[in-house]
Amino acid sequence: MTDLILLEDDPILREELCEFLNESGFATESAADLKEFHHLFNPQRHRLALLDLGLPDGDALQLVSNLHQSGHHLGIVVLTARSGSTARILGLDLGADHYVTKGGDLDELVAVLTSLERRLGYQHKDQPWLLETGPRRLVPPGAPPVALSQQDLLVLRCLMTEAGQEVSRQRIVEALGEEYLHYDQRRLDTQMHRLRRNVEQASGQTLPVKTLRNAGYCFYARQQIQ
């Protein structure tokens with residue numbers, strides 16, 4: 001999982017982006033201004049940066065230039081509400097890899113980050129996530145086992161059996177033994193949120209399940225089921 005640092009001053013947008021990026025497979029840390037960014041940024045750990053241009057304590061274009069000139073092997077995506085080509089050309093000249101417009105398609109943002117991640121060579125094979133169906137537990141790579149409820153086990157088995165593939169909400173609901181047409185979709189959203197939280201609290205790792213908006217979910221890491 002690639003570490004990403006997000007610089008965005010709007011608290012609501014920052015929280016939404018953090019949640020979405022974590023769900024999409026990026027270990028995301030966020031900063032509200034340049035001062036906090038410099039405090040949090042670790043060039044040995046952070047591989048991608050998503051930077052807002054308009055900040056309360058300065059302009060991120062200078063930050064883009066500084067990061068580029070420092071020689072860090074860092075992918076930089078600029079998040080901006082600015083229109084026109086002048087700012088975009090300047091940002092690219094200073095070292096940004098991509099521009100993404102605020103309020104745009106979040107799936108497009110993930111596609112840009114994933115493409116940049118691949119180009120920079122940050123995707124690599126990790127140890128598999130192990131699902132043990134007998135004792136009902138999930139074993140993250142290099143971390144202690146996480147106890148699962150029966151419903152958690154059914155959901156994960158459905159997703160991990162089709163790792164790397166889109167699994168529709170209907171298939172997951174049916175794997176839970178429910179009738180899709182009479183099932184309250186909010187129950188599935190709540191369960192997935194709780195499962196992610198439990199895994200992170202117990203193991204310190206982010207569950208590698210990507211949310212496919214209005215479609216379903218995808219388990220995107222290497223896996224093994226016993």
# chains A, B, ... in the order shown; residues from 1 in each chain; ligands from 1
>>> residues_around(residues="Phe20 in chain A", least_positions_apart="6", cutoff="10 Å", atoms="only C-alpha atoms", output="list in words")
Arg14, Phe26, Thr28, Leu106, Asp107, Val110, Lys210 and Thr211 of chain A
>>> residues_around(residues="Thr114 in chain A", least_positions_apart="3", cutoff="12 Å", atoms="only C-alpha atoms", output="list in words")
Met1, Thr2, Leu4, Leu21, Ser24, Gly25, Phe26, Arg47, Leu48, Gly75, Val77, His98, Asp107, Glu108, Leu109, Val110, Ala111, Glu117, Arg118, Arg119, Leu120, Gly121, Tyr122 and Gln123 of chain A
>>> write_last_selection(atoms="N, CA and C atoms", output="short mmCIF file (atom, residue, chain, number, x, y, z; two decimals), in the first residue's frame")
data_model
loop_
_atom_site.label_atom_id
_atom_site.label_comp_id
_atom_site.auth_asym_id
_atom_site.auth_seq_id
_atom_site.Cartn_x
_atom_site.Cartn_y
_atom_site.Cartn_z
N MET A 1 0.84 -1.18 0.00
CA MET A 1 0.00 0.00 0.00
C MET A 1 0.88 1.25 0.00
N THR A 2 0.64 2.14 -0.93
CA THR A 2 1.47 3.32 -1.10
C THR A 2 1.03 4.44 -0.16
N LEU A 4 0.48 8.18 0.91
CA LEU A 4 0.12 9.41 0.22
C LEU A 4 -0.09 10.51 1.25
N LEU A 21 -9.71 7.99 -0.37
CA LEU A 21 -8.39 7.51 -0.78
C LEU A 21 -7.96 6.29 0.02
N SER A 24 -9.67 3.44 -1.29
CA SER A 24 -9.19 3.11 -2.63
C SER A 24 -7.78 2.53 -2.64
N GLY A 25 -7.22 2.32 -1.45
CA GLY A 25 -5.95 1.61 -1.39
C GLY A 25 -4.71 2.45 -1.16
N PHE A 26 -4.90 3.71 -0.71
CA PHE A 26 -3.76 4.56 -0.42
C PHE A 26 -3.73 4.87 1.08
N ARG A 47 5.15 8.56 -0.85
CA ARG A 47 5.50 8.35 -2.25
C ARG A 47 4.66 9.17 -3.21
N LEU A 48 3.48 9.60 -2.76
CA LEU A 48 2.59 10.42 -3.58
C LEU A 48 2.14 11.61 -2.75
N GLY A 75 5.68 11.38 -6.47
CA GLY A 75 4.68 11.71 -7.47
C GLY A 75 3.80 12.84 -6.95
N VAL A 77 0.50 15.35 -7.54
CA VAL A 77 -0.75 15.67 -8.24
C VAL A 77 -1.31 16.94 -7.60
N HIS A 98 0.60 15.78 -12.50
CA HIS A 98 -0.77 15.85 -13.03
C HIS A 98 -1.52 16.97 -12.34
N ASP A 107 -13.30 8.86 -9.01
CA ASP A 107 -12.74 7.66 -9.64
C ASP A 107 -11.63 8.03 -10.62
N GLU A 108 -11.79 9.18 -11.29
CA GLU A 108 -10.73 9.66 -12.19
C GLU A 108 -9.48 10.02 -11.39
N LEU A 109 -9.69 10.63 -10.22
CA LEU A 109 -8.55 10.97 -9.35
C LEU A 109 -7.79 9.71 -8.97
N VAL A 110 -8.50 8.67 -8.58
CA VAL A 110 -7.84 7.41 -8.21
C VAL A 110 -7.11 6.82 -9.41
N ALA A 111 -7.71 6.92 -10.59
CA ALA A 111 -7.06 6.40 -11.79
C ALA A 111 -5.75 7.15 -12.07
N GLU A 117 1.42 5.93 -9.62
CA GLU A 117 2.02 4.92 -8.74
C GLU A 117 2.70 3.83 -9.56
N ARG A 118 2.03 3.39 -10.61
CA ARG A 118 2.59 2.33 -11.47
C ARG A 118 3.81 2.84 -12.22
N ARG A 119 3.73 4.06 -12.75
CA ARG A 119 4.84 4.61 -13.52
C ARG A 119 6.09 4.80 -12.67
N LEU A 120 5.88 5.15 -11.40
CA LEU A 120 7.02 5.37 -10.51
C LEU A 120 7.54 4.08 -9.88
N GLY A 121 6.85 2.98 -10.14
CA GLY A 121 7.32 1.69 -9.66
C GLY A 121 7.02 1.40 -8.21
N TYR A 122 5.94 1.99 -7.67
CA TYR A 122 5.63 1.79 -6.26
C TYR A 122 4.74 0.58 -6.01
N GLN A 123 4.13 0.05 -7.04
CA GLN A 123 3.31 -1.15 -6.86
C GLN A 123 4.25 -2.35 -6.72
#
>>> select_by_dssp(residues="range 161-204 of chain A", states="helix (DSSP H, G or I)", output="ChimeraX atom specification")
/A:161,169-175,180-182,185-203
>>> residues_around(residues="Gln226 in chain A", least_positions_apart="4", cutoff="12 Å", atoms="only C-alpha atoms", output="ChimeraX atom specification")
/A:129-139,153,157,160-161
>>> write_last_selection(atoms="N, CA, C and O atoms", output="compact mmCIF listing (two decimals), in the first residue's frame")
# COMPACT_ATOMS: atom_id res chain seq x y z
N TRP A 129 -2.94 -11.51 2.38
CA TRP A 129 -3.87 -11.46 3.50
C TRP A 129 -4.50 -12.84 3.61
O TRP A 129 -4.97 -13.39 2.61
N LEU A 130 -4.50 -13.39 4.80
CA LEU A 130 -4.98 -14.75 5.02
C LEU A 130 -6.33 -14.72 5.72
O LEU A 130 -6.48 -14.15 6.80
N LEU A 131 -7.31 -15.35 5.10
CA LEU A 131 -8.64 -15.51 5.71
C LEU A 131 -8.77 -16.94 6.19
O LEU A 131 -8.77 -17.88 5.39
N GLU A 132 -8.88 -17.12 7.49
CA GLU A 132 -9.04 -18.45 8.09
C GLU A 132 -10.50 -18.63 8.44
O GLU A 132 -11.02 -18.02 9.37
N THR A 133 -11.18 -19.46 7.66
CA THR A 133 -12.62 -19.60 7.81
C THR A 133 -13.00 -20.41 9.05
O THR A 133 -14.06 -20.16 9.65
N GLY A 134 -12.15 -21.37 9.44
CA GLY A 134 -12.46 -22.19 10.62
C GLY A 134 -12.53 -21.37 11.89
O GLY A 134 -13.59 -21.26 12.53
N PRO A 135 -11.41 -20.75 12.27
CA PRO A 135 -11.42 -19.92 13.49
C PRO A 135 -12.03 -18.54 13.29
O PRO A 135 -12.08 -17.74 14.22
N ARG A 136 -12.49 -18.25 12.10
CA ARG A 136 -13.13 -16.98 11.78
C ARG A 136 -12.22 -15.80 12.14
O ARG A 136 -12.51 -15.00 13.01
N ARG A 137 -11.12 -15.69 11.38
CA ARG A 137 -10.23 -14.57 11.62
C ARG A 137 -9.50 -14.19 10.34
O ARG A 137 -9.33 -15.02 9.44
N LEU A 138 -9.07 -12.94 10.29
CA LEU A 138 -8.32 -12.40 9.17
C LEU A 138 -6.92 -12.09 9.66
O LEU A 138 -6.75 -11.43 10.69
N VAL A 139 -5.92 -12.57 8.92
CA VAL A 139 -4.53 -12.35 9.32
C VAL A 139 -3.87 -11.40 8.30
O VAL A 139 -3.51 -11.82 7.20
N LEU A 153 -17.07 -12.58 8.14
CA LEU A 153 -16.46 -13.70 7.44
C LEU A 153 -17.14 -13.93 6.09
O LEU A 153 -16.46 -14.13 5.06
N ARG A 157 -15.14 -13.47 2.62
CA ARG A 157 -14.97 -14.64 1.76
C ARG A 157 -15.52 -14.36 0.37
O ARG A 157 -14.92 -14.77 -0.64
N MET A 160 -12.87 -11.84 -1.16
CA MET A 160 -11.52 -12.38 -1.37
C MET A 160 -11.51 -13.53 -2.37
O MET A 160 -10.49 -13.78 -3.02
N THR A 161 -12.62 -14.23 -2.52
CA THR A 161 -12.72 -15.27 -3.54
C THR A 161 -12.58 -14.67 -4.93
O THR A 161 -12.06 -15.30 -5.85
>>> residues_around(residues="range 37-44 of chain A", least_positions_apart="2", cutoff="9 Å", atoms="only C-alpha atoms", output="list in words")
Ile5, Leu6, Leu7, Glu29, Ser30, Ala31, Ala32, Asp33, Leu34, Lys35, His46, Arg47, His72, His73 and Leu74 of chain A
>>> atom_distance(atom1="CA of Thr206 in chain A", atom2="CA of Gly177 in chain A")
26.8 Å
>>> closest_residue(among="A:Asp184, A:Glu200, A:Glu174, A:Asp105", to="Glu23 in chain A", atoms="only C-alpha atoms")
A:Glu200
>>> residues_around(residues="Val146 in chain A", least_positions_apart="2", cutoff="8 Å", atoms="only C-alpha atoms", output="VMD selection string")
chain A and resid 137 to 140 144 148 198 to 199 202 to 203
>>> write_last_selection(atoms="N, CA and C atoms", output="PDB file, in the first residue's frame")
ATOM      1  N   ARG A 137     -11.122 -15.688  11.380  1.00  0.00           N
ATOM      2  CA  ARG A 137     -10.233 -14.567  11.621  1.00  0.00           C
ATOM      3  C   ARG A 137      -9.501 -14.194  10.337  1.00  0.00           C
ATOM      4  N   LEU A 138      -9.072 -12.943  10.291  1.00  0.00           N
ATOM      5  CA  LEU A 138      -8.321 -12.398   9.170  1.00  0.00           C
ATOM      6  C   LEU A 138      -6.921 -12.088   9.662  1.00  0.00           C
ATOM      7  N   VAL A 139      -5.916 -12.566   8.924  1.00  0.00           N
ATOM      8  CA  VAL A 139      -4.526 -12.349   9.316  1.00  0.00           C
ATOM      9  C   VAL A 139      -3.874 -11.405   8.303  1.00  0.00           C
ATOM     10  N   PRO A 140      -3.706 -10.114   8.653  1.00  0.00           N
ATOM     11  CA  PRO A 140      -3.025  -9.182   7.755  1.00  0.00           C
ATOM     12  C   PRO A 140      -1.531  -9.507   7.680  1.00  0.00           C
ATOM     13  N   PRO A 144      -0.991  -9.213  13.810  1.00  0.00           N
ATOM     14  CA  PRO A 144      -1.744 -10.245  14.525  1.00  0.00           C
ATOM     15  C   PRO A 144      -3.107 -10.487  13.897  1.00  0.00           C
ATOM     16  N   LEU A 148     -13.251 -12.159  13.579  1.00  0.00           N
ATOM     17  CA  LEU A 148     -14.341 -11.745  12.701  1.00  0.00           C
ATOM     18  C   LEU A 148     -15.672 -12.275  13.210  1.00  0.00           C
ATOM     19  N   ASN A 198     -12.424  -2.025  12.591  1.00  0.00           N
ATOM     20  CA  ASN A 198     -11.931  -3.092  13.461  1.00  0.00           C
ATOM     21  C   ASN A 198     -10.574  -3.620  13.000  1.00  0.00           C
ATOM     22  N   VAL A 199     -10.412  -3.788  11.693  1.00  0.00           N
ATOM     23  CA  VAL A 199      -9.143  -4.283  11.161  1.00  0.00           C
ATOM     24  C   VAL A 199      -8.029  -3.287  11.437  1.00  0.00           C
ATOM     25  N   ALA A 202      -7.186  -3.209  15.227  1.00  0.00           N
ATOM     26  CA  ALA A 202      -6.566  -4.430  15.729  1.00  0.00           C
ATOM     27  C   ALA A 202      -5.172  -4.667  15.149  1.00  0.00           C
ATOM     28  N   SER A 203      -4.948  -4.233  13.907  1.00  0.00           N
ATOM     29  CA  SER A 203      -3.690  -4.583  13.233  1.00  0.00           C
ATOM     30  C   SER A 203      -2.845  -3.380  12.820  1.00  0.00           C
TER      31      SER A 203
END
>>> closest_residue(among="A:Asn22, A:Gln69, A:Thr101, A:Gln127", to="Gln224 in chain A", atoms="only C-alpha atoms")
A:Gln127
>>> residues_around(residues="Cys218 in chain A", least_positions_apart="2", cutoff="9 Å", atoms="only C-alpha atoms", output="list in words")
Leu159, Met160, Glu162, Ala163, Gly164, Gln165, Glu166, Val167, Ser168, Pro208, Val209, Lys210, Thr211, Leu212, Gly216 and Tyr220 of chain A
